[in-house]
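Worksheet for the structure shown next.
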Amino acid sequence: MMITVGVLALVVFVLCGVVYELFRDVRQLRDVAGILDRPLNVEIRDVAGTRPSAYGLPEALDSAASALVLFLSDRCGTCRALAAGLERHLPPGLWVVLEAQSADSAAKFLESFELTRMTEDSRLVVDVTGAIAGRIGLDMTPVSFRVEDGKIASATTVPSKRYLFSILPKPISLRPAQRMREGETWQSTT
Amino acid sequence: MAILATAVALGGASLLLWAGLEKARDPASTASTLRQLGLSATLANVGVLIIPAELAVALGLVFRPDSAVTQAGAVLLAGAFAVAGLLALRRDEPVRCTCFGSRRSGYLGANQLVALVPWAGGAAFLHVADLTPPSPSRGAAILAGVGLTMAGARLIPLLGAWREARSDRLSARETYLWLHQ
C-alpha cells in the first residue's frame, strides 16, 4: 500500500513539473503573440497637467514628486488579480482608488483581499459612487495615472501585476557619502 | 546518531530522486550536456544511464542506507558529477548544467567539484553510523513520505504559475474587450 503511495507521489511530482512547464510555454506563446503585459495609453487630454486634488484625489498627491494612482473596480477580473498581488500592503509611491457599486461591495472586496487595514492609510481611497472617475472622465479599469511634481502626467491601462510593479516610482537614493579628511576642501568636478 | 544518519540518507535520496526524475523527463538534454563535455555521441548516449543510476542509488538510500553498495554508489555518482565539473572547467565555453533537468539554469563547474566533499562525507557517515536497515514496509512508508514532500514542494511554484497564467488570461480577455469598445 505504502509503496503505491510513494510511487504515485513521485508520479504526481513529475506531472506537476510537466504542468509547470506547460504554464511557462503558454506564457511564452502569449509573449510572442503580443498579448502579455500589453498596456494601452489612455488619452487624458485636459486632465494632463492638472492637480489630482481637483478631481477629489487626496491633496497629498499635489505635493508628490512622483506617484502612481491605480484605479481598481470591484467588477473587473484583472483588478482582482492586481488587488491579490498587493499582498496586504501598498508599495511606496502607489495610491489606489477603489470604485465600487456600493459600500457593501467595497467592504467585501477589501475584506476578500485582506486590504481592509489599508483604508487607515490615506493612500487607499474608496470611491463608492464613482465620483472621482466621473470627474476625470474615466470609464475603464484597471488604469494607472502617473503623477509627476504634483500634476497628472499620463495614464495607461495596467494589464498585470508584473507591469504594475515595473512602473512604480523607484526611490532614488544617494550613494554612500565619502568622508572628507580633515584639512580637505571640496572641489567642484564640473 | 541514528536520527542524523537517517536525515542524511533521506536528504541525499530526495536530491537524487529530484535530479533523476527531472532528467528522466528529458534525457536528450543530459546527452547533449555530455556531448558538450567532449564525449562522443555513443558515449553520451551511454552516459544517459546516469539517470537510472541516480534513481537506483536514491531508492538504495531509502531502503538500504546501511549497504556498502548504496554508499559506494552515492560516492561514485558524486565522483562522476565532479569529473563532469572538471571537464566543464577545462572547456573554453561554459557548459549548461542539466543536473536538475533542462529547465534549470546554471553551469557545470566548481559546484560539482565541491559537492563531492559532502557526498563523500555523508556516505562515510552512513558507513560509520551502522544504521539498521528499515523493514520493507517502513522503507515504503519513508519513500511515500519523501515522494509526498517532493510533490508538495513542487506544488508551490506550480500554484504561483497557475495564478499568473489565470491572471494573464483574464487580463488579455479584458484588454480585447477594451480594444473592441
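Ordered as shown in the C-alpha cells, chains take letters A, B, and onward, while each chain numbers its residues from 1 and ligands are numbered from 1 in the order shown.
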Residues at most 9 Å from A:Gly6, counting only C-alpha atoms, excluding those fewer than 2 positions away in the same chain, as a short mmCIF file (atom, residue, chain, number, x, y, z; two decimals) with C-alpha atoms, in the first residue's frame?
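Contents of the output file around-v9.cif:
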```cif
data_model
loop_
_atom_site.label_atom_id
_atom_site.label_comp_id
_atom_site.auth_asym_id
_atom_site.auth_seq_id
_atom_site.Cartn_x
_atom_site.Cartn_y
_atom_site.Cartn_z
CA MET A 1 0.00 0.00 0.00
CA MET A 2 2.68 2.48 1.08
CA ILE A 3 4.86 1.66 -1.89
CA THR A 4 1.92 2.55 -4.15
CA LEU A 8 2.05 7.77 -7.02
CA ALA A 9 3.57 10.74 -5.14
CA LEU A 10 6.62 10.59 -7.40
CA VAL A 11 4.35 10.41 -10.46
CA ALA B 140 7.88 2.04 1.64
CA ALA B 141 6.40 4.48 4.17
CA ILE B 142 9.60 6.55 4.06
CA LEU B 143 9.51 6.55 0.25
CA ALA B 144 5.89 7.72 0.39
CA GLY B 145 6.90 10.50 2.78
CA VAL B 146 9.79 11.59 0.56
CA GLY B 147 7.59 11.47 -2.55
CA LEU B 148 4.79 13.47 -0.92
#
```
Exercise answer, chain A residues close to chain B, 10 Å and only C-alpha atoms, as a ChimeraX atom specification: /A:1-24,26-27,30,34-40,76-82,85,140-142,157-162
Export of the given selection (C-alpha atoms) as a short mmCIF file (atom, residue, chain, number, x, y, z; two decimals), in the first residue's frame:
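Saved to part_29.cif:
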```cif
data_model
loop_
_atom_site.label_atom_id
_atom_site.label_comp_id
_atom_site.auth_asym_id
_atom_site.auth_seq_id
_atom_site.Cartn_x
_atom_site.Cartn_y
_atom_site.Cartn_z
CA MET A 1 0.00 0.00 0.00
CA MET A 2 2.68 2.48 1.08
CA ILE A 3 4.86 1.66 -1.89
CA THR A 4 1.92 2.55 -4.15
CA VAL A 5 1.51 5.87 -2.33
CA GLY A 6 5.23 6.55 -2.75
CA VAL A 7 5.21 5.73 -6.46
CA LEU A 8 2.05 7.77 -7.02
CA ALA A 9 3.57 10.74 -5.14
CA LEU A 10 6.62 10.59 -7.40
CA VAL A 11 4.35 10.41 -10.46
CA VAL A 12 2.48 13.48 -9.16
CA PHE A 13 5.84 15.21 -8.70
CA VAL A 14 6.77 14.52 -12.34
CA LEU A 15 3.33 15.57 -13.60
CA CYS A 16 3.47 18.81 -11.60
CA GLY A 17 6.79 19.50 -13.33
CA VAL A 18 5.17 18.90 -16.71
CA VAL A 19 2.23 21.19 -15.93
CA TYR A 20 4.60 23.90 -14.64
CA GLU A 21 6.48 23.73 -17.90
CA LEU A 22 3.22 23.97 -19.85
CA PHE A 23 2.33 27.17 -17.95
CA ARG A 24 5.70 28.58 -18.93
CA VAL A 26 1.69 29.30 -22.53
CA ARG A 27 3.29 32.46 -21.13
CA ARG A 30 1.34 34.90 -25.06
CA GLY A 34 1.99 40.22 -28.03
CA ILE A 35 -0.87 39.69 -25.60
CA LEU A 36 1.24 39.66 -22.46
CA ASP A 37 1.59 42.88 -20.49
CA ARG A 38 0.22 45.00 -23.29
CA PRO A 39 -0.54 48.36 -21.73
CA LEU A 40 -2.66 50.82 -23.71
CA CYS A 76 -13.13 43.58 -13.22
CA GLY A 77 -11.13 40.36 -13.10
CA THR A 78 -7.74 41.98 -13.71
CA CYS A 79 -8.43 44.38 -10.82
CA ARG A 80 -8.98 41.38 -8.57
CA ALA A 81 -5.71 39.84 -9.70
CA LEU A 82 -3.93 43.14 -9.04
CA GLY A 85 -0.97 40.83 -5.93
CA MET A 140 -12.42 51.64 -17.60
CA THR A 141 -10.28 49.84 -15.04
CA PRO A 142 -7.60 48.99 -14.13
CA THR A 157 -4.09 50.52 -18.58
CA VAL A 158 -2.50 48.03 -16.18
CA PRO A 159 -2.71 44.53 -17.62
CA SER A 160 -0.85 42.65 -14.88
CA LYS A 161 0.86 42.77 -11.53
CA ARG A 162 4.18 42.40 -13.35
#
```
Within 9 Å of stretch 87-97 of chain B using only C-alpha atoms, minus same-chain residues under 3 positions, as a VMD selection string: chain B and resid 30 33 36 to 38 82 to 84 100 to 102 104 to 110
Per-residue DSSP, stretch 59-163 of chain A, filtered to helix (DSSP H, G or I), as a PyMOL selection string: chain A and resi 59-63+77-85+103-112+116-120+131-136+161-163
Who sits within 12 Å of B:Ala7, only C-alpha atoms, same chain under 3 positions skipped, as a PyMOL selection string: chain B and resi 1-4+10-14+61-62+65+122+125-126+129+131+142+146
Selected residues, N, CA and C atoms, written as a tab-separated table (two decimals), in the first residue's frame, please.
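Once everything was written out, this is result_18.tsv:
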```tsv
chain	number	residue	atom	x	y	z
B	1	MET	N	22.48	9.77	16.87
B	1	MET	CA	23.33	9.38	15.73
B	1	MET	C	22.49	8.75	14.61
B	2	ALA	N	21.60	7.83	15.03
B	2	ALA	CA	20.76	7.13	14.04
B	2	ALA	C	19.82	8.11	13.34
B	3	ILE	N	19.30	9.08	14.13
B	3	ILE	CA	18.37	10.06	13.53
B	3	ILE	C	19.11	10.92	12.51
B	4	LEU	N	20.31	11.35	12.88
B	4	LEU	CA	21.11	12.18	11.99
B	4	LEU	C	21.47	11.41	10.71
B	10	LEU	N	18.05	10.41	3.89
B	10	LEU	CA	16.83	10.90	3.22
B	10	LEU	C	17.09	12.19	2.44
B	11	GLY	N	17.96	13.03	2.96
B	11	GLY	CA	18.32	14.24	2.23
B	11	GLY	C	18.97	13.88	0.90
B	12	GLY	N	19.91	12.95	0.95
B	12	GLY	CA	20.58	12.51	-0.28
B	12	GLY	C	19.61	11.85	-1.23
B	13	ALA	N	18.71	11.01	-0.67
B	13	ALA	CA	17.72	10.32	-1.51
B	13	ALA	C	16.81	11.32	-2.21
B	14	SER	N	16.37	12.34	-1.46
B	14	SER	CA	15.47	13.35	-2.06
B	14	SER	C	16.16	14.08	-3.21
B	61	LEU	N	19.21	4.52	-0.86
B	61	LEU	CA	19.33	5.35	0.35
B	61	LEU	C	18.06	5.31	1.20
B	62	VAL	N	16.94	5.02	0.55
B	62	VAL	CA	15.69	4.91	1.31
B	62	VAL	C	15.57	3.54	1.97
B	65	PRO	N	20.10	2.13	3.40
B	65	PRO	CA	21.16	3.14	3.58
B	65	PRO	C	22.42	2.55	4.21
B	122	GLY	N	28.97	12.32	3.64
B	122	GLY	CA	27.69	11.71	4.01
B	122	GLY	C	27.76	10.20	3.92
B	125	PHE	N	29.76	8.90	6.72
B	125	PHE	CA	28.98	8.98	7.96
B	125	PHE	C	27.98	7.82	8.05
B	126	LEU	N	27.32	7.51	6.91
B	126	LEU	CA	26.37	6.40	6.91
B	126	LEU	C	27.08	5.08	7.21
B	129	ALA	N	27.91	5.12	10.91
B	129	ALA	CA	26.72	5.15	11.78
B	129	ALA	C	26.14	3.76	12.00
B	131	LEU	N	23.74	1.98	10.47
B	131	LEU	CA	22.27	2.04	10.57
B	131	LEU	C	21.64	0.65	10.46
B	142	ILE	N	8.63	5.44	4.20
B	142	ILE	CA	9.60	6.55	4.06
B	142	ILE	C	9.59	7.08	2.63
B	146	VAL	N	8.87	10.81	1.41
B	146	VAL	CA	9.79	11.59	0.56
B	146	VAL	C	9.06	12.06	-0.70
```
Å distance separating atom CA of B:Ser32 from atom CA of B:Ile51, one decimal place: 13.8 Å
Stretch 50-55 of chain A environment, 12 Å, only C-alpha atoms, sequence neighbours closer than 3 positions dropped, as a ChimeraX atom specification: /A:44-47,58-64,67-69,95,97,127,130-138,145-154
Atomic distance atom CA of A:Val126 - atom CA of A:Glu99, expressed in Å with one decimal: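 For atom CA of A:Val126 relative to atom CA of A:Glu99, the distance reads 6.3 Å.
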Interatomic distance, atom CA of A:Leu110 to atom CA of A:Phe71 (Å, one decimal):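 Computing it gives 14.0 Å between the two atoms.
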